[in-house]
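One structure is given below, encoded as structure tokens.
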Amino acid sequence: MKILLFTLSVATMFGQATQQKQDRAPMTFFLTSAGGGDGANLGGLAGADAHCQKLAAAAGAGDRTWRAYLSTSASDGKPAVNARDRIGSGPWHNFRGTIVARDQAHLHGDTLDLARTGNVITRNNALSEKGELVNGVGDKPNMHDILTGTQPDGRAYTDGADHTCKNWTSNGEGSAQVGHHDRNGGGISWNSAHPSRGCSQENLVATGGAGLFYCFAVTGQ
């Protein structure tokens, strides 16, 4: 009798855990667990997208189309690309199924009310594709500088300066705009806190980065 009750209890617990996993929203947002390893030279947008897709596939989410949240500047006759235009319309959920933004307006604070309340991208919610926390201020090493090349509204810069390390092809000269996934350390913006010192891996690390970037699954289209 005791054995039967124990077996039924285990079966119930397993069934509940399985149901909870099935009920959880699929992952459509993550912070890369590793960068490309060559500073801000990501192989352009195509290389960055491929990195997102590879990491997502390793995490069992490769059936979705993944895009790097990166802007590029107008160059060589090609128009600028806005990060916000690459990722669909939302909603987006992290590894745990927690919603980080309902839609573009929520993600970027497109109204005064939304800008005041903000999205839910924080250190506790900006998880990697493995479901792990990423180091921020107070951790060693600090890795909270996240490559974006983007203004707070998710659009590319138009001032003619380099904010994208030559459209994500430079590991030397240039600079990249970064955000802070932990909303800490001299800038609370998740996507546009300050420019990097340079584009090399060493320069990214020196100011609290590791060449990481956000990946979003294209949703709502």
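Ordered as shown in the structure tokens, chains take letters A, B, and onward, while each chain numbers its residues from 1 and ligands are numbered from 1 in the order shown.
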Kindly provide the residues of stretch 68-165 of chain A that approach stretch 183-193 of chain A to within 9 Å, each paired with its closest atom pair and their distance in Å to one decimal, based on only C-alpha atoms, listed by chain and increasing number, as a Markdown table.
| residue | atom | partner | partner_atom | distance |
| --- | --- | --- | --- | --- |
| A:Ile121 | CA | A:Trp190 | CA | 6.9 |
| A:Thr122 | CA | A:Arg183 | CA | 6.4 |
| A:Arg123 | CA | A:Arg183 | CA | 7.5 |
| A:Gly136 | CA | A:Asn184 | CA | 7.8 |
| A:Val137 | CA | A:Gly185 | CA | 6.3 |
| A:His144 | CA | A:Asn184 | CA | 8.3 |
| A:Asp145 | CA | A:Ala193 | CA | 8.4 |
| A:Ile146 | CA | A:Asn191 | CA | 7.4 |
| A:Leu147 | CA | A:Asn191 | CA | 7.9 |
| A:Thr148 | CA | A:Asn191 | CA | 6.2 |
| A:Gly149 | CA | A:Ser192 | CA | 7.7 |
| A:Thr150 | CA | A:Ser192 | CA | 6.1 |
| A:Gln151 | CA | A:Ser192 | CA | 5.6 |
| A:Pro152 | CA | A:Ser192 | CA | 5.3 |
| A:Asp153 | CA | A:Asn191 | CA | 8.7 |
| A:Gly154 | CA | A:Asn191 | CA | 7.6 |
Inset, instruction - Please provide the set of residues having any atom within 12 Å of A:Phe30, restricted to only C-alpha atoms, with same-chain residues fewer than 3 positions apart removed, written as an MDAnalysis selection string. - result: chainID A and resid 26:27 33:34 52:53 55:56 59 61 66:69 92:100 121:134 146 181 212:217
With N, CA and C atoms retained, write the just-selected residues as a CSV table (one decimal), in the first residue's frame.
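Saved file selection-v1.csv follows:
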chain,number,residue,atom,x,y,z
A,26,PRO,N,7.1,29.9,-24.6
A,26,PRO,CA,8.4,29.6,-25.2
A,26,PRO,C,9.4,30.7,-25.2
A,27,MET,N,10.7,30.4,-25.1
A,27,MET,CA,11.7,31.5,-25.0
A,27,MET,C,11.8,32.2,-26.3
A,33,SER,N,25.1,34.0,-23.9
A,33,SER,CA,26.0,33.5,-22.9
A,33,SER,C,27.4,33.8,-23.2
A,34,ALA,N,27.7,34.0,-24.5
A,34,ALA,CA,29.1,34.3,-24.9
A,34,ALA,C,29.0,35.2,-26.2
A,52,CYS,N,23.1,34.2,-32.8
A,52,CYS,CA,21.8,34.0,-32.0
A,52,CYS,C,21.2,32.7,-32.4
A,53,GLN,N,21.1,32.4,-33.7
A,53,GLN,CA,20.5,31.2,-34.1
A,53,GLN,C,21.2,29.9,-33.6
A,55,LEU,N,23.1,29.7,-30.8
A,55,LEU,CA,22.9,29.5,-29.4
A,55,LEU,C,21.5,29.1,-29.1
A,56,ALA,N,20.5,29.6,-29.8
A,56,ALA,CA,19.1,29.2,-29.6
A,56,ALA,C,18.9,27.7,-30.0
A,59,ALA,N,20.0,25.5,-27.4
A,59,ALA,CA,19.1,25.5,-26.2
A,59,ALA,C,17.7,24.9,-26.5
A,61,ALA,N,15.7,25.9,-29.1
A,61,ALA,CA,14.8,26.8,-29.6
A,61,ALA,C,15.1,27.3,-31.0
A,66,TRP,N,15.7,33.9,-35.2
A,66,TRP,CA,16.3,34.8,-34.2
A,66,TRP,C,17.1,35.9,-34.9
A,67,ARG,N,17.0,37.1,-34.3
A,67,ARG,CA,17.8,38.2,-34.7
A,67,ARG,C,18.5,38.9,-33.6
A,68,ALA,N,19.7,39.4,-33.9
A,68,ALA,CA,20.5,40.2,-32.9
A,68,ALA,C,19.8,41.6,-32.8
A,69,TYR,N,19.7,42.0,-31.6
A,69,TYR,CA,19.2,43.4,-31.4
A,69,TYR,C,20.4,44.4,-31.5
A,92,TRP,N,7.6,39.2,-26.0
A,92,TRP,CA,8.8,38.4,-25.9
A,92,TRP,C,9.0,37.9,-24.4
A,93,HIS,N,9.4,36.6,-24.3
A,93,HIS,CA,9.5,35.9,-23.0
A,93,HIS,C,11.0,35.4,-22.9
A,94,ASN,N,11.4,35.4,-21.6
A,94,ASN,CA,12.8,34.9,-21.4
A,94,ASN,C,12.7,33.3,-21.2
A,95,PHE,N,13.8,32.8,-20.8
A,95,PHE,CA,14.0,31.3,-20.6
A,95,PHE,C,12.9,30.7,-19.7
A,96,ARG,N,12.6,31.5,-18.7
A,96,ARG,CA,11.6,31.0,-17.7
A,96,ARG,C,10.2,31.2,-18.1
A,97,GLY,N,10.0,31.9,-19.2
A,97,GLY,CA,8.6,32.1,-19.6
A,97,GLY,C,8.1,33.5,-19.1
A,98,THR,N,9.0,34.2,-18.5
A,98,THR,CA,8.6,35.6,-18.0
A,98,THR,C,8.5,36.5,-19.1
A,99,ILE,N,7.4,37.3,-19.2
A,99,ILE,CA,7.4,38.3,-20.3
A,99,ILE,C,8.3,39.5,-20.0
A,100,VAL,N,9.1,39.9,-20.9
A,100,VAL,CA,10.0,41.0,-20.7
A,100,VAL,C,9.5,42.2,-21.4
A,121,ILE,N,13.2,44.2,-18.6
A,121,ILE,CA,14.6,43.7,-18.9
A,121,ILE,C,15.5,44.2,-17.7
A,122,THR,N,15.8,43.3,-16.8
A,122,THR,CA,16.7,43.6,-15.7
A,122,THR,C,17.6,42.4,-15.5
A,123,ARG,N,18.5,42.5,-14.6
A,123,ARG,CA,19.5,41.5,-14.4
A,123,ARG,C,18.8,40.1,-14.1
A,124,ASN,N,17.8,40.1,-13.4
A,124,ASN,CA,17.1,38.9,-13.0
A,124,ASN,C,16.3,38.3,-14.2
A,125,ASN,N,16.0,39.1,-15.1
A,125,ASN,CA,15.1,38.7,-16.3
A,125,ASN,C,15.9,38.5,-17.6
A,126,ALA,N,17.0,39.2,-17.7
A,126,ALA,CA,17.8,39.1,-19.0
A,126,ALA,C,18.7,37.9,-18.9
A,127,LEU,N,18.1,36.8,-18.9
A,127,LEU,CA,18.8,35.5,-18.8
A,127,LEU,C,19.4,35.1,-20.1
A,128,SER,N,20.4,34.2,-20.0
A,128,SER,CA,21.0,33.7,-21.2
A,128,SER,C,20.1,32.6,-21.8
A,129,GLU,N,20.5,32.1,-22.9
A,129,GLU,CA,19.7,31.1,-23.6
A,129,GLU,C,19.8,29.8,-22.8
A,130,LYS,N,20.7,29.7,-21.8
A,130,LYS,CA,20.7,28.6,-20.9
A,130,LYS,C,19.9,28.8,-19.6
A,131,GLY,N,19.3,29.9,-19.5
A,131,GLY,CA,18.6,30.2,-18.3
A,131,GLY,C,19.4,30.8,-17.2
A,132,GLU,N,20.6,31.2,-17.5
A,132,GLU,CA,21.5,31.6,-16.4
A,132,GLU,C,21.6,33.1,-16.3
A,133,LEU,N,21.8,33.6,-15.1
A,133,LEU,CA,22.1,35.0,-14.9
A,133,LEU,C,23.4,35.4,-15.5
A,134,VAL,N,23.5,36.7,-16.0
A,134,VAL,CA,24.7,37.2,-16.6
A,134,VAL,C,25.3,38.2,-15.6
A,146,ILE,N,26.2,45.8,-22.9
A,146,ILE,CA,25.6,44.9,-23.9
A,146,ILE,C,25.6,45.7,-25.2
A,181,HIS,N,22.3,45.7,-19.0
A,181,HIS,CA,21.2,44.7,-18.7
A,181,HIS,C,20.8,44.7,-17.3
A,212,LEU,N,28.8,40.8,-25.4
A,212,LEU,CA,27.5,40.1,-25.4
A,212,LEU,C,26.5,41.0,-26.1
A,213,PHE,N,25.4,40.4,-26.6
A,213,PHE,CA,24.3,41.2,-27.1
A,213,PHE,C,23.0,40.4,-27.0
A,214,TYR,N,21.9,41.1,-27.2
A,214,TYR,CA,20.5,40.6,-27.0
A,214,TYR,C,20.1,39.9,-28.3
A,215,CYS,N,19.4,38.8,-28.1
A,215,CYS,CA,18.8,38.1,-29.2
A,215,CYS,C,17.2,38.0,-29.0
A,216,PHE,N,16.5,38.3,-30.0
A,216,PHE,CA,15.0,38.2,-30.0
A,216,PHE,C,14.5,37.3,-31.1
A,217,ALA,N,13.6,36.5,-30.8
A,217,ALA,CA,12.9,35.8,-31.9
A,217,ALA,C,11.9,36.7,-32.6
Taking the chain letters and numbering used in this document, name the residues of stretch 21-130 of chain A that DSSP puts in alpha helix (DSSP H), as a PDB file with N, CA and C atoms, in the first residue's frame.
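Saved to result.pdb:
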ATOM      1  N   LYS A  21       5.823  22.818 -17.535  1.00  0.00           N
ATOM      2  CA  LYS A  21       6.756  23.083 -18.624  1.00  0.00           C
ATOM      3  C   LYS A  21       6.006  23.348 -19.918  1.00  0.00           C
ATOM      4  N   GLN A  22       4.913  22.576 -20.154  1.00  0.00           N
ATOM      5  CA  GLN A  22       4.128  22.769 -21.361  1.00  0.00           C
ATOM      6  C   GLN A  22       3.403  24.117 -21.342  1.00  0.00           C
ATOM      7  N   ASP A  23       2.962  24.543 -20.165  1.00  0.00           N
ATOM      8  CA  ASP A  23       2.224  25.793 -20.033  1.00  0.00           C
ATOM      9  C   ASP A  23       3.134  27.018 -20.139  1.00  0.00           C
ATOM     10  N   GLY A  44      29.242  41.452 -38.999  1.00  0.00           N
ATOM     11  CA  GLY A  44      28.077  42.193 -39.441  1.00  0.00           C
ATOM     12  C   GLY A  44      26.802  41.638 -38.832  1.00  0.00           C
ATOM     13  N   LEU A  45      25.676  42.157 -39.308  1.00  0.00           N
ATOM     14  CA  LEU A  45      24.394  41.674 -38.792  1.00  0.00           C
ATOM     15  C   LEU A  45      24.185  40.193 -39.091  1.00  0.00           C
ATOM     16  N   ALA A  46      24.641  39.762 -40.256  1.00  0.00           N
ATOM     17  CA  ALA A  46      24.458  38.354 -40.630  1.00  0.00           C
ATOM     18  C   ALA A  46      25.194  37.436 -39.663  1.00  0.00           C
ATOM     19  N   GLY A  47      26.410  37.815 -39.297  1.00  0.00           N
ATOM     20  CA  GLY A  47      27.171  37.008 -38.353  1.00  0.00           C
ATOM     21  C   GLY A  47      26.546  36.997 -36.977  1.00  0.00           C
ATOM     22  N   ALA A  48      26.042  38.163 -36.547  1.00  0.00           N
ATOM     23  CA  ALA A  48      25.403  38.252 -35.231  1.00  0.00           C
ATOM     24  C   ALA A  48      24.120  37.432 -35.199  1.00  0.00           C
ATOM     25  N   ASP A  49      23.328  37.507 -36.268  1.00  0.00           N
ATOM     26  CA  ASP A  49      22.101  36.712 -36.340  1.00  0.00           C
ATOM     27  C   ASP A  49      22.417  35.214 -36.290  1.00  0.00           C
ATOM     28  N   ALA A  50      23.463  34.823 -36.998  1.00  0.00           N
ATOM     29  CA  ALA A  50      23.850  33.409 -37.015  1.00  0.00           C
ATOM     30  C   ALA A  50      24.266  32.950 -35.621  1.00  0.00           C
ATOM     31  N   HIS A  51      24.920  33.839 -34.873  1.00  0.00           N
ATOM     32  CA  HIS A  51      25.323  33.497 -33.504  1.00  0.00           C
ATOM     33  C   HIS A  51      24.088  33.284 -32.635  1.00  0.00           C
ATOM     34  N   CYS A  52      23.102  34.189 -32.775  1.00  0.00           N
ATOM     35  CA  CYS A  52      21.847  34.025 -32.032  1.00  0.00           C
ATOM     36  C   CYS A  52      21.183  32.697 -32.378  1.00  0.00           C
ATOM     37  N   GLN A  53      21.117  32.389 -33.662  1.00  0.00           N
ATOM     38  CA  GLN A  53      20.454  31.169 -34.111  1.00  0.00           C
ATOM     39  C   GLN A  53      21.165  29.935 -33.588  1.00  0.00           C
ATOM     40  N   LYS A  54      22.494  29.980 -33.590  1.00  0.00           N
ATOM     41  CA  LYS A  54      23.283  28.838 -33.106  1.00  0.00           C
ATOM     42  C   LYS A  54      23.057  28.593 -31.624  1.00  0.00           C
ATOM     43  N   LEU A  55      23.088  29.662 -30.824  1.00  0.00           N
ATOM     44  CA  LEU A  55      22.876  29.519 -29.385  1.00  0.00           C
ATOM     45  C   LEU A  55      21.456  29.052 -29.089  1.00  0.00           C
ATOM     46  N   ALA A  56      20.493  29.592 -29.823  1.00  0.00           N
ATOM     47  CA  ALA A  56      19.103  29.188 -29.626  1.00  0.00           C
ATOM     48  C   ALA A  56      18.910  27.715 -29.959  1.00  0.00           C
ATOM     49  N   ALA A  57      19.527  27.272 -31.052  1.00  0.00           N
ATOM     50  CA  ALA A  57      19.411  25.871 -31.450  1.00  0.00           C
ATOM     51  C   ALA A  57      19.996  24.945 -30.390  1.00  0.00           C
ATOM     52  N   ALA A  58      21.114  25.345 -29.819  1.00  0.00           N
ATOM     53  CA  ALA A  58      21.741  24.533 -28.767  1.00  0.00           C
ATOM     54  C   ALA A  58      20.859  24.447 -27.535  1.00  0.00           C
ATOM     55  N   GLN A 104       6.426  46.486 -29.033  1.00  0.00           N
ATOM     56  CA  GLN A 104       7.481  47.460 -29.300  1.00  0.00           C
ATOM     57  C   GLN A 104       7.361  48.692 -28.395  1.00  0.00           C
ATOM     58  N   ALA A 105       6.153  49.178 -28.203  1.00  0.00           N
ATOM     59  CA  ALA A 105       5.955  50.368 -27.374  1.00  0.00           C
ATOM     60  C   ALA A 105       6.384  50.113 -25.942  1.00  0.00           C
ATOM     61  N   HIS A 106       6.064  48.949 -25.422  1.00  0.00           N
ATOM     62  CA  HIS A 106       6.463  48.570 -24.067  1.00  0.00           C
ATOM     63  C   HIS A 106       7.977  48.384 -23.981  1.00  0.00           C
ATOM     64  N   LEU A 107       8.549  47.772 -24.994  1.00  0.00           N
ATOM     65  CA  LEU A 107       9.992  47.512 -25.000  1.00  0.00           C
ATOM     66  C   LEU A 107      10.790  48.807 -24.998  1.00  0.00           C
ATOM     67  N   HIS A 108      10.324  49.793 -25.758  1.00  0.00           N
ATOM     68  CA  HIS A 108      11.111  51.011 -25.951  1.00  0.00           C
ATOM     69  C   HIS A 108      10.554  52.239 -25.243  1.00  0.00           C
ATOM     70  N   LEU A 112       4.950  58.410 -22.677  1.00  0.00           N
ATOM     71  CA  LEU A 112       5.455  58.878 -21.380  1.00  0.00           C
ATOM     72  C   LEU A 112       5.167  57.864 -20.279  1.00  0.00           C
ATOM     73  N   ASP A 113       3.966  57.308 -20.279  1.00  0.00           N
ATOM     74  CA  ASP A 113       3.612  56.326 -19.255  1.00  0.00           C
ATOM     75  C   ASP A 113       4.476  55.075 -19.365  1.00  0.00           C
ATOM     76  N   LEU A 114       4.661  54.589 -20.587  1.00  0.00           N
ATOM     77  CA  LEU A 114       5.482  53.391 -20.782  1.00  0.00           C
ATOM     78  C   LEU A 114       6.947  53.662 -20.477  1.00  0.00           C
ATOM     79  N   ALA A 115       7.413  54.856 -20.800  1.00  0.00           N
ATOM     80  CA  ALA A 115       8.800  55.212 -20.497  1.00  0.00           C
ATOM     81  C   ALA A 115       9.011  55.261 -18.986  1.00  0.00           C
ATOM     82  N   ARG A 116       7.996  55.690 -18.262  1.00  0.00           N
ATOM     83  CA  ARG A 116       8.117  55.781 -16.809  1.00  0.00           C
ATOM     84  C   ARG A 116       8.117  54.400 -16.146  1.00  0.00           C
ATOM     85  N   THR A 117       7.243  53.518 -16.616  1.00  0.00           N
ATOM     86  CA  THR A 117       7.162  52.186 -16.013  1.00  0.00           C
ATOM     87  C   THR A 117       8.230  51.246 -16.560  1.00  0.00           C
TER      88      THR A 117
END
Selection: 12 Å around stretch 75-81 of chain A, only C-alpha atoms, excl. self and same-chain fewer than 2 positions, as a CSV table (one decimal) with C-alpha atoms, in the first residue's frame:
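Final output, selection30.csv:
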chain,number,residue,atom,x,y,z
A,44,GLY,CA,28.1,42.2,-39.4
A,45,LEU,CA,24.4,41.7,-38.8
A,68,ALA,CA,20.5,40.2,-32.9
A,69,TYR,CA,19.2,43.4,-31.4
A,70,LEU,CA,21.7,45.6,-33.2
A,71,SER,CA,21.4,48.8,-35.3
A,72,THR,CA,23.7,49.7,-38.1
A,73,SER,CA,24.6,53.1,-39.7
A,83,ALA,CA,17.4,47.3,-34.1
A,84,ARG,CA,13.7,47.6,-33.3
A,85,ASP,CA,12.7,46.9,-36.9
A,86,ARG,CA,14.4,43.5,-36.9
A,87,ILE,CA,12.6,41.7,-34.1
A,148,THR,CA,23.4,47.5,-29.3
A,149,GLY,CA,24.6,50.5,-31.4
A,150,THR,CA,21.2,51.9,-30.7
A,151,GLN,CA,19.5,55.0,-29.3
A,154,GLY,CA,15.7,51.4,-30.7
A,155,ARG,CA,16.7,53.3,-33.8
A,156,ALA,CA,20.1,53.9,-35.4
A,157,TYR,CA,22.1,57.0,-34.8
A,158,THR,CA,22.1,59.6,-37.7
A,159,ASP,CA,24.9,61.9,-36.5
A,160,GLY,CA,27.6,60.4,-38.7
A,161,ALA,CA,29.7,59.2,-35.8
A,162,ASP,CA,30.6,55.5,-35.3
A,163,HIS,CA,28.2,53.9,-32.8
A,164,THR,CA,28.4,50.4,-34.2
A,166,LYS,CA,31.9,50.0,-38.3
A,167,ASN,CA,28.6,48.1,-38.5
Inset, instruction - Run DSSP on the backbone of this structure and report the residues of stretch 30-185 of chain A it assigns to strand (DSSP E), as a PyMOL selection string. - result: chain A and resi 30-31+66-68+92-93+99-101+145-147+177-180
